[in-house]
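Read through the structure below, which is laid out as structure tokens, and then see the notes.
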Amino acid sequence: MKKHLLAGLLIISGIGAIAQKPPTIYQSLGLQPNGCLLPAAEVAASQQAVFAVEVPKPPTPGNSAGEDPVEALQALIDSGRPFFANAVPLLPPTVLPLKDGGSCFLDHGHWGVRNAVGTAILKPTFDRVLVDTAYAGFVGYREDRCNYYAADGRKQLKADYFHVRPTPTGDFIVQTEKGFGILRSDGRYLLEPGFFQIGFFSEQGQFYYLVSSSKFASFLLTSEGKSLGFNTGGTPPRVIDERYLSWGGQLIDVREGRRIVCEETHYVEVLDEERRLASVLDQKTQQAYLIHFDGRLVLPSPFQRINHFNGAGLAVATVNTVSTDGFNRRRTLSGLIDQAGTWLIQPVYSYLYSINDTVFVGKDEFGKHRLIDAHNEPLCEGFYHRISKANEQLLLLVQQENRTIHSELFDLRSRKVVRSDLPYSAISPIRHCNGQGYIAEQPEGEIFLGADFEPLFHRPYSRVFYHTEGWMKGTDFDKGGVRKISQFYTCEGEPLQLEIDGRVVDRFVEHLPLTNGLSYVFLEDGAGYFVGPEGPTTRNEQQWNSIFPAKSGDLSLTMRNGQYGLIDGRGQTIFPPDFPFLGPFDPETGLAQFQFRQGLRGYLTSEGDLLFGAEYRQVLDLGMGLFKVEKDGKWGVVGRAQQNILPPAYDSIERHGGLLLAFSKAGRQWFTLSGKAVGN
């Protein structure tokens, strides 16, 4: 059986290489010879002409109960205000470090620059700065224009722009009123401004610009200025090497500026980047051909599928078969090929998969698994119900009869069985307590194992989890899989026991560790408690599903049935779970984003107030210290210091680089970040 076909089966896809020089994929399938040249890149007009935004519908005011959500939100905020009486405000940073050890510093609302020894080299005259730690400089804005500055304070560009972004090549992406362009370090344009957006990416030592002429059309540009005119849809392709790219079932020859296969009915998948091998799938016949990147067939015979080649140059491949027993049963069988398409393991397995580059598992038509090498030689005697990895060195070989399991550990290095008579059907490695552990499955449930594969629990559970640092969790579910009761164990396998209201408890519905040694538990009798490190408890009737840091003092976010709330360090409720979403406080802004009823959205300050009060129904961050706000179904822009940039008079507003784009019935209008009109 090792190297021959199963009895009664005939491979209908050809096997083996043909002696004569193989033809190309173009000759074999009647495809356009040598692929096709990429079309010329689309040249954009101005950014104003190509940008389109779907105008959002404002939230519908009111509800069936007649509740005013703004009043309800304000009442909720007012009820929690006493808990913030002694809160330490989280404010945006006033010092931004530079890569050379210097820094940008904020003084009376403007930014300046100090060198590494603390001497001011640029006075505080910038309205905003964007620190660039990758290239050691920063972008400094004065009013609505900006430039790029080196860490020593020297201006790098002759002119100022609405937006500047440095690139690894030393060039700059810049924005004018016409759109985005690329400026060389010598002051000449690699690409004249006029594009919707420009980004860049680098992979395998190759650099490309991703240039968008509209929101849905883009092309690639090399650092030398060579355009590759295929629409990536804004998604970067996979860089294979200095010559080839792969994207969306296409293989692109950068040097020749062409697609290897033009027809949309054929899908190209890279199988081996180093050896430049790919498969071409004819989506009509569902047959795959092994080719070189230049279109030469490795062999003319098709496969049903070819997997990726491994480090040893081997790949699992499948072919279609039909029985010769008169029933004409169609099947798919798997084998192993090398990079020349030669079968090392004939396609005799219903399923074949790799453990590593030289060890494989073959599954026969009866569902039995066999451990084999790359030449179909058995590595251990017998067949198994299941073979899987226990870790990178050990395999679990499982034999099962009804509910009785006999499994073995097989060492891949010595290629010997090192342990027998284990009762587990599967073993998964897990890191816990700074060491190696395992989750093992058996008919009775799951159990934790130590590094020596010995149980750490006294019995199996429906499910086991690594709970948090230093704790393991065993959970039993009822027959409906809904109600759960859990026990918790230390790294040494000792069960957690808490004294609550004069009784010792070791079974919990929930146990959630918090900050400062505080933890929350919910018991089988429906009572919830916050338990301190020294034992005192505070009763809390809410059953929280999750509790996690709010990143502001000792506050914690809570969640119950998909709704969010907030508690303090003693477990007292600041906000009940009334928010569809409430996020942690951002250390950069000191704000926490929230969503409330009927589409209300905005931000909480670390002092427990609503950013901008209750004036707006929606507040969304635009970046650069600006927020778009919605009032009575219209949008405007407000600065963090509550300065009005644009009145709430527009259907939609977006920030695009260093400009704002506003839509209204009168059309679209561009504005600077301070609200001045730009162009027509």
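Scheme for the structure tokens: letters A, B, ... for chains in order shown; per-chain residue numbers from 1; ligand numbers from 1 in order shown.
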
If we count only C-alpha atoms and set the cut-off at 8 Å, which residues sit around Leu38 (chain A), ignoring sequence neighbours fewer than 2 positions away in its own chain? Please answer as a short mmCIF file (atom, residue, chain, number, x, y, z; two decimals) with N, CA, C and O atoms, in the first residue's frame.
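Result saved to around_15.cif:
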```
data_model
loop_
_atom_site.label_atom_id
_atom_site.label_comp_id
_atom_site.auth_asym_id
_atom_site.auth_seq_id
_atom_site.Cartn_x
_atom_site.Cartn_y
_atom_site.Cartn_z
N CYS A 36 -0.39 39.77 -19.93
CA CYS A 36 -0.73 41.05 -20.57
C CYS A 36 -0.11 42.19 -19.80
O CYS A 36 0.13 42.11 -18.59
N ALA A 40 -2.31 51.62 -18.16
CA ALA A 40 -1.73 52.85 -17.63
C ALA A 40 -2.48 53.26 -16.38
O ALA A 40 -3.69 53.09 -16.27
N LEU A 228 2.34 51.01 -11.64
CA LEU A 228 1.80 49.69 -11.98
C LEU A 228 0.28 49.84 -11.96
O LEU A 228 -0.34 49.90 -10.90
N GLY A 229 -0.30 49.90 -13.14
CA GLY A 229 -1.69 50.28 -13.26
C GLY A 229 -2.67 49.15 -13.08
O GLY A 229 -3.37 48.78 -14.03
N PHE A 230 -2.75 48.59 -11.90
CA PHE A 230 -3.84 47.67 -11.60
C PHE A 230 -4.48 48.13 -10.30
O PHE A 230 -3.80 48.59 -9.38
N GLY A 257 6.16 44.86 -16.00
CA GLY A 257 4.91 45.62 -15.95
C GLY A 257 3.74 44.84 -16.53
O GLY A 257 2.92 45.40 -17.27
N ARG A 258 3.61 43.55 -16.17
CA ARG A 258 2.56 42.73 -16.76
C ARG A 258 2.00 41.75 -15.74
O ARG A 258 2.65 41.41 -14.75
N ARG A 259 0.76 41.31 -16.01
CA ARG A 259 0.15 40.21 -15.27
C ARG A 259 0.56 38.91 -15.92
O ARG A 259 0.53 38.78 -17.15
#
```

What's the 12 Å shell around Thr558 (chain A), counting only C-alpha atoms, without same-chain residues fewer than 6 positions away, as a VMD selection string? chain A and resid 512 514 520 542 to 550 564 to 568 571 to 584

Give me the residues within 7 Å of Thr318 (chain A) as a ChimeraX atom specification, counting only C-alpha atoms and dropping any in the same chain fewer than 3 places off. /A:303-306,332-335,347

Take the residues that were just selected and, keeping C-alpha atoms, output them as a JSON list (two decimals), in the first residue's frame.
```json
[["chain", "number", "residue", "atom", "x", "y", "z"],
["A", 303, "PHE", "CA", -4.17, 18.48, -9.95],
["A", 304, "GLN", "CA", -7.35, 19.06, -8.04],
["A", 305, "ARG", "CA", -5.39, 21.18, -5.55],
["A", 306, "ILE", "CA", -1.77, 21.90, -4.58],
["A", 332, "THR", "CA", -10.35, 12.95, -4.16],
["A", 333, "LEU", "CA", -7.07, 11.40, -2.99],
["A", 334, "SER", "CA", -3.99, 13.09, -1.58],
["A", 335, "GLY", "CA", -0.27, 12.45, -1.95],
["A", 347, "PRO", "CA", -2.14, 9.79, -4.00]]
```

List every residue of region 451-598 of chain A that DSSP, applied to the backbone of this structure, places in strand (DSSP E or B), and write the result as JSON, numbers by chain. {"A": [455, 461, 463, 464, 465, 466, 472, 473, 474, 475, 476, 477, 484, 485, 486, 487, 488, 489, 495, 498, 499, 500, 503, 504, 505, 508, 510, 511, 512, 513, 519, 520, 521, 522, 528, 529, 530, 531, 537, 538, 539, 546, 547, 548, 549, 556, 557, 558, 559, 560, 563, 564, 565, 566, 567, 573, 574, 575, 576, 577, 578, 579, 581, 582, 591, 592, 593, 594, 595]}

Rounded to one decimal, what separation in Å do you get between CA of Lys158 (chain A) and CA of Leu191 (chain A)? 16.8 Å

Using only C-alpha atoms, which residues sit within 12 Å of Asn644 (chain A) once same-chain residues fewer than 6 positions away are excluded, as a PyMOL selection string? chain A and resi 612+626-629+635-638+673-676

Any chance you can output those residues with N, CA and C atoms as an mmCIF file, in the first residue's frame?
```
data_model
loop_
_atom_site.group_PDB
_atom_site.id
_atom_site.type_symbol
_atom_site.label_atom_id
_atom_site.label_comp_id
_atom_site.auth_asym_id
_atom_site.auth_seq_id
_atom_site.Cartn_x
_atom_site.Cartn_y
_atom_site.Cartn_z
ATOM 1 N N PHE A 612 -17.942 68.714 26.163
ATOM 2 C CA PHE A 612 -18.851 69.685 25.547
ATOM 3 C C PHE A 612 -20.236 69.657 26.165
ATOM 4 N N LEU A 626 -9.469 67.793 17.026
ATOM 5 C CA LEU A 626 -10.770 68.251 16.532
ATOM 6 C C LEU A 626 -11.820 67.159 16.700
ATOM 7 N N PHE A 627 -13.076 67.578 16.889
ATOM 8 C CA PHE A 627 -14.204 66.662 17.035
ATOM 9 C C PHE A 627 -15.342 67.137 16.140
ATOM 10 N N LYS A 628 -15.965 66.196 15.437
ATOM 11 C CA LYS A 628 -17.176 66.578 14.713
ATOM 12 C C LYS A 628 -18.368 66.310 15.621
ATOM 13 N N VAL A 629 -19.308 67.243 15.613
ATOM 14 C CA VAL A 629 -20.436 67.218 16.537
ATOM 15 C C VAL A 629 -21.730 67.320 15.753
ATOM 16 N N TRP A 635 -24.094 68.579 11.188
ATOM 17 C CA TRP A 635 -22.760 68.370 11.743
ATOM 18 C C TRP A 635 -21.917 69.628 11.686
ATOM 19 N N GLY A 636 -21.076 69.798 12.720
ATOM 20 C CA GLY A 636 -20.094 70.862 12.763
ATOM 21 C C GLY A 636 -18.789 70.334 13.321
ATOM 22 N N VAL A 637 -17.830 71.212 13.574
ATOM 23 C CA VAL A 637 -16.533 70.832 14.115
ATOM 24 C C VAL A 637 -16.187 71.750 15.277
ATOM 25 N N VAL A 638 -15.721 71.146 16.380
ATOM 26 C CA VAL A 638 -15.340 71.872 17.582
ATOM 27 C C VAL A 638 -13.955 71.397 18.009
ATOM 28 N N LEU A 673 -8.040 73.411 8.890
ATOM 29 C CA LEU A 673 -8.327 72.904 10.228
ATOM 30 C C LEU A 673 -8.809 73.994 11.176
ATOM 31 N N SER A 674 -8.642 75.256 10.784
ATOM 32 C CA SER A 674 -9.178 76.350 11.592
ATOM 33 C C SER A 674 -10.517 76.848 11.072
ATOM 34 N N GLY A 675 -11.022 76.240 9.979
ATOM 35 C CA GLY A 675 -12.346 76.577 9.474
ATOM 36 C C GLY A 675 -12.369 77.562 8.326
ATOM 37 N N LYS A 676 -11.226 77.878 7.711
ATOM 38 C CA LYS A 676 -11.193 78.791 6.573
ATOM 39 C C LYS A 676 -11.491 78.024 5.288
#
```

10 Å contact set for Asn115 (chain A), only C-alpha atoms, chain neighbours under 3 positions out, as an MDAnalysis selection string: chainID A and resid 97:98 100:104 118:122 151:153

Selected residues written out, N, CA, C and O atoms, as a PDB file, in the first residue's frame:
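Result file is result_28.pdb:
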```
ATOM      1  N   PRO A  97       8.434  63.239  23.285  1.00  0.00           N
ATOM      2  CA  PRO A  97       9.865  62.969  23.045  1.00  0.00           C
ATOM      3  C   PRO A  97      10.176  62.782  21.566  1.00  0.00           C
ATOM      4  O   PRO A  97       9.365  62.254  20.796  1.00  0.00           O
ATOM      5  N   LEU A  98      11.362  63.221  21.183  1.00  0.00           N
ATOM      6  CA  LEU A  98      11.892  63.007  19.842  1.00  0.00           C
ATOM      7  C   LEU A  98      12.941  61.897  19.883  1.00  0.00           C
ATOM      8  O   LEU A  98      13.487  61.574  20.946  1.00  0.00           O
ATOM      9  N   ASP A 100      16.014  61.688  18.968  1.00  0.00           N
ATOM     10  CA  ASP A 100      17.394  62.005  19.326  1.00  0.00           C
ATOM     11  C   ASP A 100      17.556  62.380  20.790  1.00  0.00           C
ATOM     12  O   ASP A 100      18.645  62.765  21.214  1.00  0.00           O
ATOM     13  N   GLY A 101      16.479  62.262  21.576  1.00  0.00           N
ATOM     14  CA  GLY A 101      16.546  62.633  22.983  1.00  0.00           C
ATOM     15  C   GLY A 101      15.962  63.993  23.277  1.00  0.00           C
ATOM     16  O   GLY A 101      15.748  64.349  24.444  1.00  0.00           O
ATOM     17  N   GLY A 102      15.717  64.800  22.252  1.00  0.00           N
ATOM     18  CA  GLY A 102      15.052  66.076  22.434  1.00  0.00           C
ATOM     19  C   GLY A 102      13.559  65.893  22.609  1.00  0.00           C
ATOM     20  O   GLY A 102      13.052  64.774  22.732  1.00  0.00           O
ATOM     21  N   SER A 103      12.827  67.004  22.598  1.00  0.00           N
ATOM     22  CA  SER A 103      11.385  66.900  22.804  1.00  0.00           C
ATOM     23  C   SER A 103      10.684  68.140  22.300  1.00  0.00           C
ATOM     24  O   SER A 103      11.283  69.225  22.180  1.00  0.00           O
ATOM     25  N   CYS A 104       9.400  67.965  21.988  1.00  0.00           N
ATOM     26  CA  CYS A 104       8.493  69.089  21.761  1.00  0.00           C
ATOM     27  C   CYS A 104       7.771  69.354  23.081  1.00  0.00           C
ATOM     28  O   CYS A 104       7.360  68.406  23.762  1.00  0.00           O
ATOM     29  N   GLY A 118      17.986  69.879  27.037  1.00  0.00           N
ATOM     30  CA  GLY A 118      16.928  70.705  27.589  1.00  0.00           C
ATOM     31  C   GLY A 118      16.930  72.149  27.148  1.00  0.00           C
ATOM     32  O   GLY A 118      16.105  72.941  27.621  1.00  0.00           O
ATOM     33  N   THR A 119      17.823  72.526  26.254  1.00  0.00           N
ATOM     34  CA  THR A 119      17.870  73.905  25.760  1.00  0.00           C
ATOM     35  C   THR A 119      16.823  74.112  24.676  1.00  0.00           C
ATOM     36  O   THR A 119      16.720  73.305  23.735  1.00  0.00           O
ATOM     37  N   ALA A 120      16.042  75.188  24.794  1.00  0.00           N
ATOM     38  CA  ALA A 120      15.027  75.485  23.785  1.00  0.00           C
ATOM     39  C   ALA A 120      15.704  75.925  22.494  1.00  0.00           C
ATOM     40  O   ALA A 120      16.476  76.893  22.483  1.00  0.00           O
ATOM     41  N   ILE A 121      15.435  75.212  21.400  1.00  0.00           N
ATOM     42  CA  ILE A 121      16.008  75.577  20.102  1.00  0.00           C
ATOM     43  C   ILE A 121      14.966  76.177  19.171  1.00  0.00           C
ATOM     44  O   ILE A 121      15.320  76.808  18.181  1.00  0.00           O
ATOM     45  N   LEU A 122      13.684  75.974  19.470  1.00  0.00           N
ATOM     46  CA  LEU A 122      12.588  76.646  18.761  1.00  0.00           C
ATOM     47  C   LEU A 122      11.593  77.128  19.797  1.00  0.00           C
ATOM     48  O   LEU A 122      11.138  76.346  20.641  1.00  0.00           O
ATOM     49  N   ALA A 151      15.186  67.177  13.959  1.00  0.00           N
ATOM     50  CA  ALA A 151      15.229  67.268  15.418  1.00  0.00           C
ATOM     51  C   ALA A 151      15.996  68.498  15.894  1.00  0.00           C
ATOM     52  O   ALA A 151      15.784  68.968  17.013  1.00  0.00           O
ATOM     53  N   ASP A 152      16.876  69.040  15.040  1.00  0.00           N
ATOM     54  CA  ASP A 152      17.618  70.241  15.422  1.00  0.00           C
ATOM     55  C   ASP A 152      16.852  71.522  15.112  1.00  0.00           C
ATOM     56  O   ASP A 152      17.379  72.627  15.275  1.00  0.00           O
ATOM     57  N   GLY A 153      15.613  71.361  14.624  1.00  0.00           N
ATOM     58  CA  GLY A 153      14.763  72.523  14.382  1.00  0.00           C
ATOM     59  C   GLY A 153      14.808  73.071  12.977  1.00  0.00           C
ATOM     60  O   GLY A 153      14.090  74.035  12.656  1.00  0.00           O
TER      61      GLY A 153
END
```

Any idea what's packed within 8 Å of region 470-485 of chain A, counting only C-alpha atoms, ignoring anything in its chain fewer than 5 positions away? Could you give it as JSON, numbers by chain? {"A": [432, 433, 447, 460, 461, 462, 463, 464, 465, 490, 491, 507, 508, 509, 510, 524]}

Any idea what's packed within 12 Å of Arg415 (chain A), counting only C-alpha atoms, ignoring anything in its chain fewer than 6 positions away? Could you give it as a list in words? Thr358, Val359, Leu371, Ile372, Asp373, Pro378, Leu379, Cys380, Glu381, Gln393, Leu394, Leu395 and Leu409 of chain A

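For the choices A:Arg419, A:Tyr135, A:Gln595, A:Ala390, the atom-to-atom distance to Gln436 (chain A) is smallest for A:Ala390 when using only C-alpha atoms.
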
Could you list, with a cut-off of 10 Å and counting only C-alpha atoms, the residues of region 189-257 of chain A near region 177-185 of chain A, each shown with its nearest atom pair and the distance in Å rounded to one decimal, rows sorted by chain and ascending number, as a tab-separated table?
```
residue	atom	partner	partner_atom	distance
A:Tyr189	CA	A:Leu183	CA	4.4
A:Leu190	CA	A:Ile182	CA	5.4
A:Leu191	CA	A:Ile182	CA	4.9
A:Glu192	CA	A:Gly181	CA	5.0
A:Pro193	CA	A:Gly181	CA	3.7
A:Gly194	CA	A:Gly179	CA	4.0
A:Phe195	CA	A:Phe180	CA	4.8
A:Phe196	CA	A:Gly179	CA	6.1
A:Gln197	CA	A:Phe180	CA	5.9
A:Ile198	CA	A:Phe180	CA	6.5
A:Gly199	CA	A:Phe180	CA	9.9
A:Tyr209	CA	A:Ile182	CA	9.3
A:Val211	CA	A:Gly181	CA	9.0
A:Ser212	CA	A:Phe180	CA	9.4
A:Ser213	CA	A:Phe180	CA	9.6
A:Ser223	CA	A:Arg184	CA	9.9
A:Gly225	CA	A:Ile182	CA	9.7
```

Give me every alpha helix (DSSP H) residue in region 50-293 of chain A, going by DSSP on the backbone, as a compact mmCIF listing (two decimals) with C-alpha atoms, in the first residue's frame.
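Dumped everything to part_12.txt:
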```txt
# COMPACT_ATOMS: atom_id res chain seq x y z
CA VAL A 50 -13.22 62.39 -6.59
CA PRO A 69 -32.12 60.20 26.07
CA VAL A 70 -30.19 63.45 26.56
CA GLU A 71 -31.91 64.08 29.88
CA ALA A 72 -31.42 60.44 30.90
CA LEU A 73 -27.72 60.63 30.06
CA GLN A 74 -27.25 63.87 31.96
CA ALA A 75 -29.05 62.43 35.00
CA LEU A 76 -26.77 59.39 34.89
CA ILE A 77 -23.67 61.60 34.73
CA ASP A 78 -24.94 63.75 37.61
CA SER A 79 -25.55 60.67 39.78
CA GLY A 80 -21.94 59.56 39.37
```

Tyr353 (chain A) proximity check over A:Tyr208, A:Val316, A:Val298, A:Phe138, using only C-alpha atoms: winner is A:Val316
